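The next block holds one structure in the form of C-alpha cells; read it before the comments.
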Amino acid sequence: MSRGNGILLGIVVGIALVGAAVASLLHGGVSARVNPSALEIMMAREVRHMAIPKSARKLQDPVTDTPENLRDARLHFADHCAICHANDGSCDTPFGRNLYPKPPDLRGAQTQKLTDGEIFWIIENGVRFTGMPAFGGGHGSEEDSWKLVRFIRHLPQLTAEERMEMEQYNPKSLGDREEEQEENEFLGGKPMQQKPETAHHHH
Ligand code: HEC
C-alpha cells in the first residue's frame, strides 16, 4: 500500500470510529427515554472521577454519626434530594426514572465505593451534563453537605420509621396536602399536621 493510500485508509477508519461513537451516544436521538449504554456509563463515571481533584477525593468526613447529625441530614435529604433520589436512595421517583442519565441507586456498591471526599464534591459541585444540581455556595453550609455524606453511608440501613419521618418533609403541592387532609378526615383521623419547619413559607 502506498503512503498516500495508508493515510487515506487512516482517515476513513477515523471517521468511521467517530461516527460509531456519535451513533452510540445518540442511539435514541436526543430523547431522555433510552438508557445509556454500559460503555457510556463507564466512560462518564471515569471522566467524572478524573475531573474531581485528588486532594478533594482524599478529604475525610469531619462530621460524626450522632443521632442529631443523621436526623438533620435525613430531613435535608427528604426536602432537597428525594425528588430525584427517593427517600430510600433507590431513585425510584418520576424524576429519577426519567432523567438521562438516571441517578444510580445510592445504596449500591457503585456509590458506596466512592470516597467521602468524592461524594462531598459531587453534592457541592453537581455533575455537568446530568440532572445532578450543585448544592454548594450560598444554599447551604459545607457542614450540611458533610452531614449528607453521613446519611448516604447510612442509607443501606435506613429503617422504616426513619423513612416515614422523611415523608413528612418531602416537598408537597397544596393539592397533595388537601387530598391528604381529606383522606385523613374521612378516615376519622385528626387533621394533618403542617410540615413543621417550612410551613410558615407558604402563607
Ligand atoms: C434534579 C434531580 C436531582 C436532585 C434534586 C439531586 N440529585 Fe443527586 N444525582 C442526580 C443525577 C441525575 C445523578 C447522576 C449523575 C451522574 O451520572 O454522574 C446524581 C448523582 C448523585 C450522587 C452520585 C452517585 C453516584 O454513584 O454516581 C450523589 C452522591 C448525589 N447525587 C447526592 C445528592 C444529594 C445529597 C442531593 C440533595 C442535596 C441530590 N443528589 C439531589 C439527580 C439529582
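Numbering starts fresh at 1 for the residues of each chain in the C-alpha cells, the chains themselves are lettered A, B, ... in the order given, and ligands are numbered from 1 as they appear.
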
For this session: Apply DSSP to the structure's backbone, then extract all residues of chain A labelled alpha helix (DSSP H) and return them as a ChimeraX atom specification.
Result: /A:3-25,38-51,54-57,67-80,82-85,94-98,109-112,116-125,142-154,160-167,174-186

Exercise. Within 7 Å of Phe120 in chain A, counting only C-alpha atoms, which residues qualify if same-chain residues fewer than 5 places away don't, as a PyMOL selection string?
Worked result: chain A and resi 145-146+149

For this session: Kindly provide, as a ChimeraX atom specification, all nucleotide and amino acid residues lying within 8 Å of ligand 1, counting only C-alpha atoms and all ligand atoms.
Result: /A:41,44-45,48,76-77,80-85,95-96,99-106,108,110-112,114,119-120,122-123,126-128,130-133,135,145,148-149,152

All strand (DSSP E) residues (DSSP, backbone) inside chain A, as a PDB file with N, CA and C atoms, in the first residue's frame:
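Produced file part.pdb, reproduced below:
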```
ATOM      1  N   HIS A  27     -28.069   7.028  20.224  1.00  0.00           N
ATOM      2  CA  HIS A  27     -28.878   5.911  19.743  1.00  0.00           C
ATOM      3  C   HIS A  27     -30.368   6.132  19.932  1.00  0.00           C
ATOM      4  N   GLY A  28     -30.759   7.022  20.818  1.00  0.00           N
ATOM      5  CA  GLY A  28     -32.191   7.303  20.949  1.00  0.00           C
ATOM      6  C   GLY A  28     -32.505   8.706  20.494  1.00  0.00           C
ATOM      7  N   GLY A  29     -31.740   9.247  19.556  1.00  0.00           N
ATOM      8  CA  GLY A  29     -31.908  10.651  19.217  1.00  0.00           C
ATOM      9  C   GLY A  29     -31.474  11.460  20.415  1.00  0.00           C
ATOM     10  N   VAL A  30     -32.164  12.581  20.709  1.00  0.00           N
ATOM     11  CA  VAL A  30     -31.811  13.320  21.918  1.00  0.00           C
ATOM     12  C   VAL A  30     -32.823  13.023  23.015  1.00  0.00           C
TER      13      VAL A  30
END
```

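We find CA of Ser37 in chain A and CA of Ala56 in chain A to be spaced 28.6 Å apart.
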
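Here the question is which of A:Ser173, A:Thr66, A:Leu155, A:Asn5 gets nearest to Ala86 in chain A using only C-alpha atoms, and that residue is A:Leu155.
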
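CA of Ala78 in chain A to CA of Gln168 in chain A spans 8.4 Å [interatomic distance, one decimal].
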
Exercise. Could you work out how far CA of Pro53 in chain A lies from CA of Arg74 in chain A, giving the answer in Å with one decimal?
Worked result: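 About the pair CA of Arg74 in chain A and CA of Pro53 in chain A: they are 27.6 Å apart.
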
For this session: Go through A:Ser141, A:Ser90, A:Asn184, A:Ser24 and flag the residue nearest Glu124 in chain A, using only C-alpha atoms for the distances.
Result: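 Counting only C-alpha atoms, the residue closest to Glu124 in chain A is A:Ser141.
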
Exercise. So, counting only C-alpha atoms, which residue among A:Trp121, A:Phe129, A:Tyr169, A:Phe151 is closest to Leu59 in chain A?
Worked result: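 Smallest separation from Leu59 in chain A among the options: A:Trp121.
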